[in-house]
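Content type mmCIF, C-alpha atoms, from the file final31.cif:
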```cif
data_my_file
#
loop_
_atom_site.group_PDB
_atom_site.id
_atom_site.type_symbol
_atom_site.label_atom_id
_atom_site.label_comp_id
_atom_site.auth_asym_id
_atom_site.auth_seq_id
_atom_site.Cartn_x
_atom_site.Cartn_y
_atom_site.Cartn_z
ATOM 1 C CA MET A 538 100.670 119.797 122.232
ATOM 2 C CA LEU A 539 98.502 118.043 119.667
ATOM 3 C CA LYS A 540 98.311 121.251 117.660
ATOM 4 C CA LEU A 541 102.064 121.435 117.604
ATOM 5 C CA PHE A 542 102.186 117.993 116.061
ATOM 6 C CA SER A 543 99.777 118.885 113.319
ATOM 7 C CA VAL A 544 101.754 121.989 112.368
ATOM 8 C CA LYS A 545 104.910 119.900 112.269
ATOM 9 C CA ASP A 546 103.119 117.263 110.217
ATOM 10 C CA LYS A 547 101.928 119.765 107.695
ATOM 11 C CA GLN A 548 105.392 121.176 107.212
ATOM 12 C CA LYS A 549 106.791 117.726 106.808
ATOM 13 C CA GLN A 550 104.119 116.666 104.337
ATOM 14 C CA GLN A 551 104.879 119.711 102.228
ATOM 15 C CA GLN A 552 108.589 118.990 102.332
ATOM 16 C CA GLU A 553 108.007 115.361 101.428
ATOM 17 C CA ALA A 554 105.615 116.237 98.636
ATOM 18 C CA ALA A 555 108.282 118.539 97.212
ATOM 19 C CA ALA A 556 110.964 115.861 97.611
ATOM 20 C CA ASN A 557 108.794 113.219 95.951
ATOM 21 C CA VAL A 558 108.324 115.108 92.687
ATOM 22 C CA GLY A 559 109.994 113.056 90.004
ATOM 23 C CA LYS A 560 110.336 110.044 92.321
ATOM 24 C CA PRO A 561 107.417 107.816 91.308
ATOM 25 C CA GLY A 562 109.101 104.762 92.817
ATOM 26 C CA LYS A 563 108.261 105.700 96.415
ATOM 27 C CA LEU A 564 105.448 103.614 97.855
ATOM 28 C CA SER A 565 102.373 105.334 99.285
ATOM 29 C CA ALA A 566 101.126 104.568 102.793
ATOM 30 C CA GLY A 567 98.360 102.408 101.306
ATOM 31 C CA GLU A 568 100.820 100.402 99.229
ATOM 32 C CA LEU A 569 103.079 99.820 102.237
ATOM 33 C CA ARG A 570 100.142 98.499 104.217
ATOM 34 C CA ILE A 571 98.974 96.272 101.338
ATOM 35 C CA GLN A 572 102.474 94.776 101.137
ATOM 36 C CA LYS A 573 102.155 93.750 104.768
ATOM 37 C CA ASP A 574 98.662 92.356 104.190
ATOM 38 C CA MET A 575 99.950 90.260 101.289
ATOM 39 C CA ALA A 576 102.935 88.987 103.267
ATOM 40 C CA GLU A 577 100.578 87.795 106.001
ATOM 41 C CA LEU A 578 97.994 86.341 103.648
ATOM 42 C CA ASN A 579 97.614 82.638 104.315
ATOM 43 C CA LEU A 580 95.025 81.323 101.905
ATOM 44 C CA PRO A 581 93.347 77.927 102.261
ATOM 45 C CA SER A 582 93.630 75.598 99.255
ATOM 46 C CA ASN A 583 90.165 76.532 97.934
ATOM 47 C CA ILE A 584 91.043 80.217 97.542
ATOM 48 C CA THR A 585 93.516 81.620 95.010
ATOM 49 C CA ILE A 586 94.781 85.102 94.238
ATOM 50 C CA SER A 587 96.014 86.608 90.959
ATOM 51 C CA PHE A 588 97.534 89.957 89.987
ATOM 52 C CA PRO A 589 96.466 90.967 86.462
ATOM 53 C CA ASP A 590 98.842 93.970 86.349
ATOM 54 C CA GLY A 591 101.886 92.129 87.660
ATOM 55 C CA LYS A 592 103.071 91.279 91.153
ATOM 56 C CA ASP A 593 104.346 94.780 91.884
ATOM 57 C CA LYS A 594 100.872 96.272 91.375
ATOM 58 C CA LEU A 595 99.346 95.066 94.611
ATOM 59 C CA MET A 596 96.407 97.487 94.667
ATOM 60 C CA HIS A 597 94.424 95.565 92.043
ATOM 61 C CA PHE A 598 93.882 91.817 92.157
ATOM 62 C CA PHE A 599 91.421 88.965 91.834
ATOM 63 C CA ILE A 600 90.419 86.386 94.412
ATOM 64 C CA ALA A 601 88.775 83.099 93.386
ATOM 65 C CA ILE A 602 86.726 81.275 96.018
ATOM 66 C CA ARG A 603 85.693 77.644 95.534
ATOM 67 C CA PRO A 604 83.316 76.733 98.373
ATOM 68 C CA ASP A 605 83.749 73.086 99.361
ATOM 69 C CA GLU A 606 80.536 72.858 101.362
ATOM 70 C CA GLY A 607 77.115 74.478 101.618
ATOM 71 C CA ILE A 608 74.666 75.575 98.943
ATOM 72 C CA TYR A 609 77.400 76.982 96.680
ATOM 73 C CA ARG A 610 79.767 73.960 96.848
ATOM 74 C CA GLY A 611 81.481 73.089 93.596
ATOM 75 C CA GLY A 612 81.309 76.629 92.211
ATOM 76 C CA LYS A 613 84.118 79.048 91.483
ATOM 77 C CA PHE A 614 83.455 82.705 92.189
ATOM 78 C CA ASN A 615 85.792 85.523 91.192
ATOM 79 C CA PHE A 616 86.080 88.812 93.034
ATOM 80 C CA GLU A 617 87.812 91.928 91.793
ATOM 81 C CA PHE A 618 89.568 93.957 94.508
ATOM 82 C CA THR A 619 90.512 97.591 93.977
ATOM 83 C CA VAL A 620 92.379 99.070 96.916
ATOM 84 C CA PRO A 621 92.033 102.877 97.227
ATOM 85 C CA PRO A 622 95.110 105.033 98.004
ATOM 86 C CA GLY A 623 93.549 105.872 101.395
ATOM 87 C CA TYR A 624 93.706 102.216 102.512
ATOM 88 C CA PRO A 625 93.466 101.129 105.357
ATOM 89 C CA HIS A 626 91.459 104.198 106.359
ATOM 90 C CA ASP A 627 89.195 103.532 103.380
ATOM 91 C CA ALA A 628 87.817 100.052 102.712
ATOM 92 C CA PRO A 629 88.913 98.059 99.655
ATOM 93 C CA LYS A 630 86.369 98.078 96.834
ATOM 94 C CA VAL A 631 85.188 94.589 95.949
ATOM 95 C CA LEU A 632 82.989 93.430 93.054
ATOM 96 C CA CYS A 633 81.802 89.909 92.313
ATOM 97 C CA ALA A 634 82.930 89.185 88.742
ATOM 98 C CA THR A 635 80.963 85.913 88.512
ATOM 99 C CA LYS A 636 77.211 86.109 87.987
ATOM 100 C CA VAL A 637 75.638 84.370 90.970
ATOM 101 C CA TYR A 638 72.151 83.890 92.387
ATOM 102 C CA HIS A 639 72.731 85.024 95.958
ATOM 103 C CA PRO A 640 70.645 87.069 98.445
ATOM 104 C CA ASN A 641 73.564 89.426 99.194
ATOM 105 C CA ILE A 642 75.062 89.837 95.696
ATOM 106 C CA ASP A 643 73.178 91.678 92.958
ATOM 107 C CA LEU A 644 73.302 91.042 89.203
ATOM 108 C CA GLU A 645 75.907 93.772 88.697
ATOM 109 C CA GLY A 646 78.240 92.107 91.205
ATOM 110 C CA LYS A 647 77.675 94.541 94.062
ATOM 111 C CA ILE A 648 78.112 92.858 97.425
ATOM 112 C CA CYS A 649 76.300 93.524 100.677
ATOM 113 C CA LEU A 650 78.851 92.794 103.389
ATOM 114 C CA ASN A 651 78.992 94.959 106.520
ATOM 115 C CA ILE A 652 82.794 95.174 106.732
ATOM 116 C CA LEU A 653 82.969 96.530 103.164
ATOM 117 C CA ARG A 654 80.850 99.522 104.170
ATOM 118 C CA GLU A 655 79.577 100.747 107.516
ATOM 119 C CA ASP A 656 81.602 98.370 109.673
ATOM 120 C CA TRP A 657 84.974 98.830 107.934
ATOM 121 C CA LYS A 658 87.780 99.828 110.306
ATOM 122 C CA PRO A 659 91.480 100.204 109.587
ATOM 123 C CA VAL A 660 92.570 97.272 111.763
ATOM 124 C CA LEU A 661 90.873 94.950 109.264
ATOM 125 C CA SER A 662 92.865 93.541 106.371
ATOM 126 C CA ILE A 663 92.486 91.791 103.037
ATOM 127 C CA SER A 664 92.259 88.471 104.936
ATOM 128 C CA SER A 665 89.293 89.759 106.949
ATOM 129 C CA VAL A 666 87.462 90.663 103.743
ATOM 130 C CA ILE A 667 88.209 87.254 102.217
ATOM 131 C CA TYR A 668 86.872 85.538 105.348
ATOM 132 C CA GLY A 669 83.766 87.723 105.075
ATOM 133 C CA LEU A 670 83.189 86.727 101.455
ATOM 134 C CA GLN A 671 83.729 83.052 102.228
ATOM 135 C CA PHE A 672 81.190 83.357 105.019
ATOM 136 C CA LEU A 673 78.605 84.844 102.629
ATOM 137 C CA PHE A 674 78.643 81.599 100.624
ATOM 138 C CA LEU A 675 78.328 79.394 103.702
ATOM 139 C CA ASP A 676 75.658 81.486 105.366
ATOM 140 C CA PRO A 677 73.712 83.876 103.089
ATOM 141 C CA ASN A 678 71.850 86.563 105.019
ATOM 142 C CA PRO A 679 68.284 87.001 103.679
ATOM 143 C CA ASP A 680 67.520 89.760 106.210
ATOM 144 C CA ASP A 681 69.743 92.259 104.429
ATOM 145 C CA PRO A 682 69.226 91.441 100.742
ATOM 146 C CA LEU A 683 70.563 93.049 97.577
ATOM 147 C CA ASN A 684 68.830 90.478 95.370
ATOM 148 C CA LYS A 685 65.368 90.465 96.964
ATOM 149 C CA GLU A 686 63.972 87.679 94.746
ATOM 150 C CA ALA A 687 66.832 85.414 95.712
ATOM 151 C CA ALA A 688 66.393 86.272 99.401
ATOM 152 C CA GLN A 689 62.665 85.484 99.197
ATOM 153 C CA MET A 690 63.245 82.107 97.575
ATOM 154 C CA PHE A 691 66.060 81.327 100.019
ATOM 155 C CA VAL A 692 63.568 81.784 102.881
ATOM 156 C CA ASP A 693 60.386 80.335 101.308
ATOM 157 C CA GLN A 694 61.738 77.453 99.208
ATOM 158 C CA PRO A 695 65.222 76.604 100.477
ATOM 159 C CA ARG A 696 65.280 73.214 98.672
ATOM 160 C CA GLN A 697 64.416 74.740 95.315
ATOM 161 C CA PHE A 698 66.887 77.548 95.935
ATOM 162 C CA GLU A 699 69.690 75.052 96.411
ATOM 163 C CA GLN A 700 68.654 73.113 93.273
ATOM 164 C CA TYR A 701 68.690 76.291 91.188
ATOM 165 C CA VAL A 702 72.058 77.339 92.513
ATOM 166 C CA GLN A 703 73.598 73.913 91.916
ATOM 167 C CA ARG A 704 72.150 73.702 88.390
ATOM 168 C CA ALA A 705 73.548 77.162 87.634
ATOM 169 C CA ILE A 706 76.991 76.168 88.916
ATOM 170 C CA GLN A 707 77.152 72.857 87.026
ATOM 171 C CA TYR A 708 75.411 73.625 83.725
ATOM 172 C CA GLY A 709 74.309 77.234 83.674
ATOM 173 C CA THR A 710 70.611 78.023 83.834
ATOM 174 C CA TYR A 711 67.905 80.687 83.655
ATOM 175 C CA ILE A 712 66.407 81.838 86.959
ATOM 176 C CA ASN A 713 63.483 84.278 86.589
ATOM 177 C CA ASN A 714 64.538 85.030 82.991
ATOM 178 C CA VAL A 715 68.109 85.868 83.971
ATOM 179 C CA HIS A 716 70.883 83.689 82.620
ATOM 180 C CA PHE A 717 73.509 82.427 85.071
ATOM 181 C CA PRO A 718 76.431 80.838 83.180
ATOM 182 C CA ALA A 719 78.047 77.689 84.548
ATOM 183 C CA CYS A 720 80.875 78.414 87.010
ATOM 184 C CA SER A 721 81.973 74.975 88.156
ATOM 185 C CA ALA A 722 85.295 74.777 89.995
ATOM 186 C CA SER A 723 86.250 71.742 87.890
ATOM 187 C CA CYS A 724 86.323 73.599 84.578
ATOM 188 C CA MET B 199 148.775 93.909 143.767
ATOM 189 C CA ALA B 200 145.750 95.741 142.511
ATOM 190 C CA PHE B 201 145.204 97.922 139.532
ATOM 191 C CA GLU B 202 144.002 101.330 140.212
ATOM 192 C CA ILE B 203 141.591 102.533 137.594
ATOM 193 C CA LYS B 204 140.726 106.106 137.066
ATOM 194 C CA VAL B 205 137.652 106.860 134.986
ATOM 195 C CA LYS B 206 138.545 109.804 132.814
ATOM 196 C CA LYS B 207 135.489 109.916 130.640
ATOM 197 C CA TRP B 208 132.335 107.885 130.211
ATOM 198 C CA HIS B 209 129.789 107.577 127.504
ATOM 199 C CA ALA B 210 126.282 106.473 128.443
ATOM 200 C CA VAL B 211 124.250 104.379 126.041
ATOM 201 C CA ALA B 212 120.543 103.719 126.512
ATOM 202 C CA ALA B 213 117.872 101.894 124.596
ATOM 203 C CA TRP B 214 114.250 102.850 124.659
ATOM 204 C CA THR B 215 111.046 101.090 123.776
ATOM 205 C CA TRP B 216 107.368 101.904 124.063
ATOM 206 C CA GLU B 217 105.485 99.932 126.664
ATOM 207 C CA ALA B 218 103.462 98.347 123.925
ATOM 208 C CA ASP B 219 104.544 95.205 122.186
ATOM 209 C CA ASP B 220 103.944 94.243 118.642
ATOM 210 C CA VAL B 221 102.714 96.381 115.793
ATOM 211 C CA CYS B 222 100.178 99.168 115.367
ATOM 212 C CA GLY B 223 96.903 97.602 114.226
ATOM 213 C CA ILE B 224 96.285 100.377 111.722
ATOM 214 C CA CYS B 225 99.536 100.703 109.755
ATOM 215 C CA ARG B 226 100.970 97.308 110.864
ATOM 216 C CA ALA B 227 104.371 98.921 111.449
ATOM 217 C CA PRO B 228 106.098 98.161 114.777
ATOM 218 C CA PHE B 229 105.368 100.581 117.614
ATOM 219 C CA ASP B 230 109.106 101.145 117.951
ATOM 220 C CA GLY B 231 109.181 102.059 114.279
ATOM 221 C CA CYS B 232 107.014 104.686 112.702
ATOM 222 C CA PRO B 233 103.898 104.901 110.553
ATOM 223 C CA PRO B 234 104.376 105.534 106.816
ATOM 224 C CA GLU B 235 103.728 109.278 107.129
ATOM 225 C CA CYS B 236 106.645 109.784 109.531
ATOM 226 C CA LYS B 237 110.365 109.607 109.086
ATOM 227 C CA TYR B 238 111.687 108.956 112.567
ATOM 228 C CA PRO B 239 110.494 106.757 115.415
ATOM 229 C CA GLY B 240 110.234 108.183 118.907
ATOM 230 C CA ASP B 241 108.941 111.681 119.474
ATOM 231 C CA ASP B 242 107.884 111.955 115.862
ATOM 232 C CA SER B 243 105.476 109.044 116.059
ATOM 233 C CA PRO B 244 104.367 108.564 119.657
ATOM 234 C CA VAL B 245 102.223 105.668 120.735
ATOM 235 C CA VAL B 246 98.918 106.548 122.410
ATOM 236 C CA TRP B 247 96.578 104.387 124.428
ATOM 237 C CA GLY B 248 92.819 104.501 124.595
ATOM 238 C CA ALA B 249 90.833 104.089 127.794
ATOM 239 C CA CYS B 250 90.091 100.606 126.394
ATOM 240 C CA GLN B 251 93.871 99.803 126.584
ATOM 241 C CA HIS B 252 94.318 99.512 122.822
ATOM 242 C CA ALA B 253 97.365 101.299 121.481
ATOM 243 C CA PHE B 254 98.052 102.943 118.121
ATOM 244 C CA HIS B 255 100.511 105.397 116.622
ATOM 245 C CA LEU B 256 99.213 108.902 117.322
ATOM 246 C CA GLN B 257 99.093 109.766 113.612
ATOM 247 C CA CYS B 258 97.230 106.559 112.738
ATOM 248 C CA ILE B 259 94.449 106.905 115.318
ATOM 249 C CA GLN B 260 94.082 110.648 114.671
ATOM 250 C CA LYS B 261 93.658 110.052 110.965
ATOM 251 C CA TRP B 262 91.013 107.411 111.614
ATOM 252 C CA LEU B 263 89.086 109.450 114.185
ATOM 253 C CA SER B 264 89.050 112.503 111.932
ATOM 254 C CA SER B 265 87.553 110.512 109.043
ATOM 255 C CA ALA B 266 85.140 108.355 111.042
ATOM 256 C CA ALA B 267 81.611 109.473 111.841
ATOM 257 C CA GLU B 268 81.792 108.071 115.354
ATOM 258 C CA GLN B 269 84.767 108.223 117.691
ATOM 259 C CA LYS B 270 85.281 104.537 118.386
ATOM 260 C CA CYS B 271 88.316 102.371 118.964
ATOM 261 C CA PRO B 272 88.968 100.496 115.715
ATOM 262 C CA MET B 273 89.836 97.353 117.684
ATOM 263 C CA CYS B 274 86.883 97.011 120.039
ATOM 264 C CA ARG B 275 84.411 99.680 118.861
ATOM 265 C CA GLN B 276 84.135 101.158 122.341
ATOM 266 C CA ALA B 277 83.929 104.943 122.524
ATOM 267 C CA TRP B 278 87.467 106.254 122.020
ATOM 268 C CA GLU B 279 89.008 108.256 124.818
ATOM 269 C CA TYR B 280 92.688 108.978 125.220
ATOM 270 C CA LYS B 281 94.004 107.297 128.328
ATOM 271 C CA ARG B 282 95.486 109.805 130.722
ATOM 272 C CA ALA B 283 99.071 109.322 131.838
ATOM 273 C CA ALA B 284 99.368 107.680 135.236
ATOM 274 C CA GLU B 285 99.759 110.235 137.981
#
```
Any chance you could give the structure as structure tokens?
Amino acid sequence: MLKLFSVKDKQKQQQEAAANVGKPGKLSAGELRIQKDMAELNLPSNITISFPDGKDKLMHFFIAIRPDEGIYRGGKFNFEFTVPPGYPHDAPKVLCATKVYHPNIDLEGKICLNILREDWKPVLSISSVIYGLQFLFLDPNPDDPLNKEAAQMFVDQPRQFEQYVQRAIQYGTYINNVHFPACSASC
Amino acid sequence: MAFEIKVKKWHAVAAWTWEADDVCGICRAPFDGCPPECKYPGDDSPVVWGACQHAFHLQCIQKWLSSAAEQKCPMCRQAWEYKRAAE
């Protein structure tokens, strides 16, 4: 019976592919799902979203997180989301566009968050990823570091780590010869 | 005095629904509707249950299982097994 379905599916896909030629307006499965994610998105006041390519291009957007507590309070951190056509079977691709001294974010903006890689599953949504990112700022995980220096300092000298991070957010600073520009939420 | 009514013809109307409420967790379309790959609800996009009691559109769970390294329910991460129909 299952085989029957797949034969039927294949035929249908071919028919639809033929019918869709010259009809670029039809939304892909990934776009339909993203529309639903966006409709359900209920962001707290410290998180904002923007669509650089216009509001009908939902597969590419930016999220700004302004933590109001914890080590990273007062900062504003931008994330670039690129949603692949295979969404939700493939995870969204997320880069941190703000340079930040963080155990789980490297200097190129790559992020170590389980649900963006090995633990992604298609019942998750854009909200789940945003919650995950917010959690990274409240509770950095030094056991699974991308920036090993930062993870080491976070464990060995937590006070100094917090001072560095706060100085970077407010004024911009050098940490181990790397410049971190100011990224205060108030400017 | 009573009317005598003779039924000459009748036309039955029925409504159906899957025994699953809500929407499919994968495509977020209602179970009574169909996932984006399908055109018609019903036989074209059946709802299937796992042994863990989580339900998905057949096409949605098949697509996920065929791309995932391990066969696990996307809701609860238990090993995925199709629930057999009640006998």
ask   = What would the list of residues within 7 Å of (73.3, 94.6, 98.4) (file frame) look like as a list in words, if all atoms listed in the file are what count?
value = Asn641, Ile642, Asp643, Lys647, Ile648, Cys649, Pro682, Leu683 and Asn684 of chain A
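Across the model, the gap from atom CA of A:Val666 to atom CA of A:Leu650 is 8.9 Å.
Near stretch 592-606 of chain A, within 8 Å and counting all atoms listed in the file, sit Glu568, Ile571, Gln572, Asn583, Ile584, Thr585, Ile586, Gly612, Lys613, Phe614, Asn615, Phe616, Glu617, Phe618, Thr619, Val620, Pro621, Gln671, Phe674, Leu675 and Ala722 of chain A, not including residues fewer than 6 positions from it in the same chain.
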Would you list which chain A residues are within 8 Å of chain B using all atoms listed in the file, as a CSV table (one decimal) with C-alpha atoms, in the coordinates of the input?
```csv
chain,number,residue,atom,x,y,z
A,550,GLN,CA,104.1,116.7,104.3
A,565,SER,CA,102.4,105.3,99.3
A,566,ALA,CA,101.1,104.6,102.8
A,569,LEU,CA,103.1,99.8,102.2
A,570,ARG,CA,100.1,98.5,104.2
A,573,LYS,CA,102.2,93.8,104.8
A,625,PRO,CA,93.5,101.1,105.4
A,626,HIS,CA,91.5,104.2,106.4
A,658,LYS,CA,87.8,99.8,110.3
A,659,PRO,CA,91.5,100.2,109.6
A,660,VAL,CA,92.6,97.3,111.8
```
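Near B:Tyr280, within 9 Å and counting only C-alpha atoms, sit Val246, Trp247, Gly248, Ala249, Cys250, Trp278 and Arg282 of chain B, not including residues fewer than 2 positions from it in the same chain.
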Taking all atoms of stretch 228-247 of chain B that appear in the file, build a box with edges along x, y and z, extend it by 3 Å on every side, and state its centre and edge lengths in Å to one decimal, as lines of an AutoDock Vina configuration file.
```
center_x = 104.1
center_y = 105.1
center_z = 115.6
size_x = 21.1
size_y = 19.8
size_z = 23.6
```
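What separates atom CA of A:Asp656 from atom CA of A:Asp627 is a distance of 11.1 Å.
The space between atom CA of A:Val631 and atom CA of A:Val715 spans 22.6 Å.
If you apply the PyMOL selection byres ((chain B and resi 207-217) around 12) to this structure, you end up with Ile203, Lys204, Val205, Lys206, Ala218, Asp219, Asp220, Val221, Cys222, Pro228, Phe229, Asp230, Gly231, Cys232, Pro239, Gly240, Asp241, Ser243, Pro244, Val245, Val246, Trp247, Gln251, His252, Ala253, Phe254 and His255 of chain B.
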Those selected residues, please, written with C-alpha atoms and delivered as a CSV table (one decimal), in the coordinates of the input.
```
chain,number,residue,atom,x,y,z
B,203,ILE,CA,141.6,102.5,137.6
B,204,LYS,CA,140.7,106.1,137.1
B,205,VAL,CA,137.7,106.9,135.0
B,206,LYS,CA,138.5,109.8,132.8
B,218,ALA,CA,103.5,98.3,123.9
B,219,ASP,CA,104.5,95.2,122.2
B,220,ASP,CA,103.9,94.2,118.6
B,221,VAL,CA,102.7,96.4,115.8
B,222,CYS,CA,100.2,99.2,115.4
B,228,PRO,CA,106.1,98.2,114.8
B,229,PHE,CA,105.4,100.6,117.6
B,230,ASP,CA,109.1,101.1,118.0
B,231,GLY,CA,109.2,102.1,114.3
B,232,CYS,CA,107.0,104.7,112.7
B,239,PRO,CA,110.5,106.8,115.4
B,240,GLY,CA,110.2,108.2,118.9
B,241,ASP,CA,108.9,111.7,119.5
B,243,SER,CA,105.5,109.0,116.1
B,244,PRO,CA,104.4,108.6,119.7
B,245,VAL,CA,102.2,105.7,120.7
B,246,VAL,CA,98.9,106.5,122.4
B,247,TRP,CA,96.6,104.4,124.4
B,251,GLN,CA,93.9,99.8,126.6
B,252,HIS,CA,94.3,99.5,122.8
B,253,ALA,CA,97.4,101.3,121.5
B,254,PHE,CA,98.1,102.9,118.1
B,255,HIS,CA,100.5,105.4,116.6
```
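If all atoms listed in the file are the atoms counted, then among A:Tyr638, A:Ala719, A:Tyr711, A:Glu655 the closest residue to A:Phe698 is A:Tyr638.
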Pick from A:Ser664, A:Gly669, A:Pro695, A:Tyr701 nearest to A:Val637, counting all atoms listed in the file = A:Tyr701
